[in-house]
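Data first, discussion second: the structure below is written as structure tokens.
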Amino acid sequence: MSTENYVWATGKRKCAIAQVRLIPGEGSILVGNKVYDEAFPRLEHQRSIETPFVVTNTVGKYRVMVKVTGGGRSGQADAIQYGIAKALVKENELFRAALRGGGLLTRDARIKERRKYGLKKARKAQQYTKR
């Protein structure tokens, strides 16, 4: 398995980080050492991962190798989607308009709010008693 001519990108979502390699090839998507539909059994996550290829009409033209860490399944799937979209733009600049129109090149910046001193969680405080 030669990976000398590949394009790479990093996608992030919540606490998940996905390192994506895009290689011209037969169209398989490997997450770690598993096929992506084994790693992500929910159809919603599978469709999320496939979206950049559907938008750019490149289904089956690239082999994708992903290393993903942190977060949960939804965050990981969205991080992979963002990484694939960024890698496709590196591969061919003409894909930028289609991916931008689909909202796939925008980083979802929503992350967990930090815990504040004196509170139980980010905003949860003890119940107030008047009397």
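By order of appearance in the structure tokens: chains A, B, ..., then residues from 1 within every chain, and ligands from 1 in the order shown.
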**OP:** Return as a ChimeraX atom specification the full set of residues in segment 33-94 of chain A whose backbone-based DSSP assignment is strand (DSSP E or B).
**Re:** /A:34-35,62-69
**OP:** Determine, counting only C-alpha atoms, which protein, DNA and RNA residues have an atom within 8 Å of an atom of Val55 of chain A; residues of the same chain fewer than 6 positions away are not included. Present the result as a PyMOL selection string.
**Re:** chain A and resi 98-99+102
For the selection just defined, write its residues with C-alpha atoms to a file, as a compact mmCIF listing (two decimals), in the first residue's frame.
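Produced file result_24.txt, reproduced below:
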```
# COMPACT_ATOMS: atom_id res chain seq x y z
CA ALA A 98 -19.46 23.61 -4.12
CA LEU A 99 -18.18 22.68 -0.65
CA GLY A 102 -22.92 23.05 1.14
```
Original post:
A:Asn57, A:Gln127, A:Thr106, A:Gln81: which is nearest His45 of chain A, counting only C-alpha atoms?
Top reply: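 Closest to His45 of chain A, using only C-alpha atoms: A:Gln81.
Using only C-alpha atoms, the nearest neighbour of Arg13 of chain A within the list A:Arg107, A:Arg131, A:Arg114, A:Arg73 is A:Arg107.
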Original post:
Hey, what does DSSP flag as alpha helix (DSSP H) within segment 35-77 of chain A? Can you give it to me as an MDAnalysis selection string?
Top reply: chainID A and resid 36:39 43:55 73:77
**OP:** Using only C-alpha atoms, find the one residue out of A:Ile49, A:Leu43, A:Ile29, A:Ala79 that sits nearest to Ala16 of chain A.
**Re:**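 Checking each candidate against Ala16 of chain A, we get A:Ala79 as the closest.
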Mind dumping a table of every segment 45-92 of chain A residue within 7 Å of segment 30-41 of chain A, with the nearest atom pair and its distance in Å to one decimal, using only C-alpha atoms, sorted by chain and rising number, as CSV?
```
residue,atom,partner,partner_atom,distance
A:His45,CA,A:Phe40,CA,6.2
A:Gln46,CA,A:Asp37,CA,6.4
A:Val64,CA,A:Leu30,CA,6.1
A:Met65,CA,A:Leu30,CA,4.9
A:Val66,CA,A:Val31,CA,4.8
A:Lys67,CA,A:Gly32,CA,5.4
```
Original post:
Which of these residues is nearest to Ala85 of chain A, using only C-alpha atoms: A:Arg100, A:Lys116, A:Arg42, A:Lys14?
Top reply: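 The shortest atom-to-atom distance to Ala85 of chain A comes from A:Arg100.
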If we count only C-alpha atoms and set the cut-off at 8 Å, which residues sit around Ile80 of chain A, ignoring sequence neighbours fewer than 4 positions away in its own chain? Please answer as a CSV table (one decimal) with C-alpha atoms, in the first residue's frame.
```csv
chain,number,residue,atom,x,y,z
A,11,GLY,CA,-10.7,18.3,10.7
A,12,LYS,CA,-11.9,19.2,14.2
A,18,ALA,CA,-9.4,13.7,12.5
A,19,GLN,CA,-6.3,13.4,10.4
A,20,VAL,CA,-7.4,12.6,6.9
A,49,ILE,CA,-18.8,11.3,6.2
A,66,VAL,CA,-8.4,8.5,8.7
A,68,VAL,CA,-9.4,10.0,14.6
A,76,GLN,CA,-15.7,12.2,15.2
A,84,ILE,CA,-12.3,15.3,3.9
```
Original post:
What is the distance between atom CA of Trp8 of chain A and atom CA of Gly75 of chain A, in Å to one decimal?
Top reply: 19.2 Å
Original post:
Leaving out Ala87 of chain A and any residue of its chain fewer than 4 positions from it, which residues lie within 8 Å of it when counting only C-alpha atoms, given as a list in words?
Top reply: Val7, Trp8, Ala9, Val20, Arg21, Leu22, Gly83 and Glu91 of chain A
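Each of A:Gly70, A:Glu44, A:Leu119, A:Pro52 was checked against Arg96 of chain A using only C-alpha atoms; the smallest atom-to-atom distance is that of A:Pro52.
If you measure from each of A:Gly72, A:Lys112, A:Thr58, A:Arg123 to Asn92 of chain A using only C-alpha atoms, the closest one turns out to be A:Thr58.
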Original post:
Contacts of Lys61 of chain A at 7 Å or less, counting only C-alpha atoms, minus same-chain residues fewer than 3 places along, as JSON, numbers by chain?
Top reply: {"A": [24, 25, 26, 27, 58]}
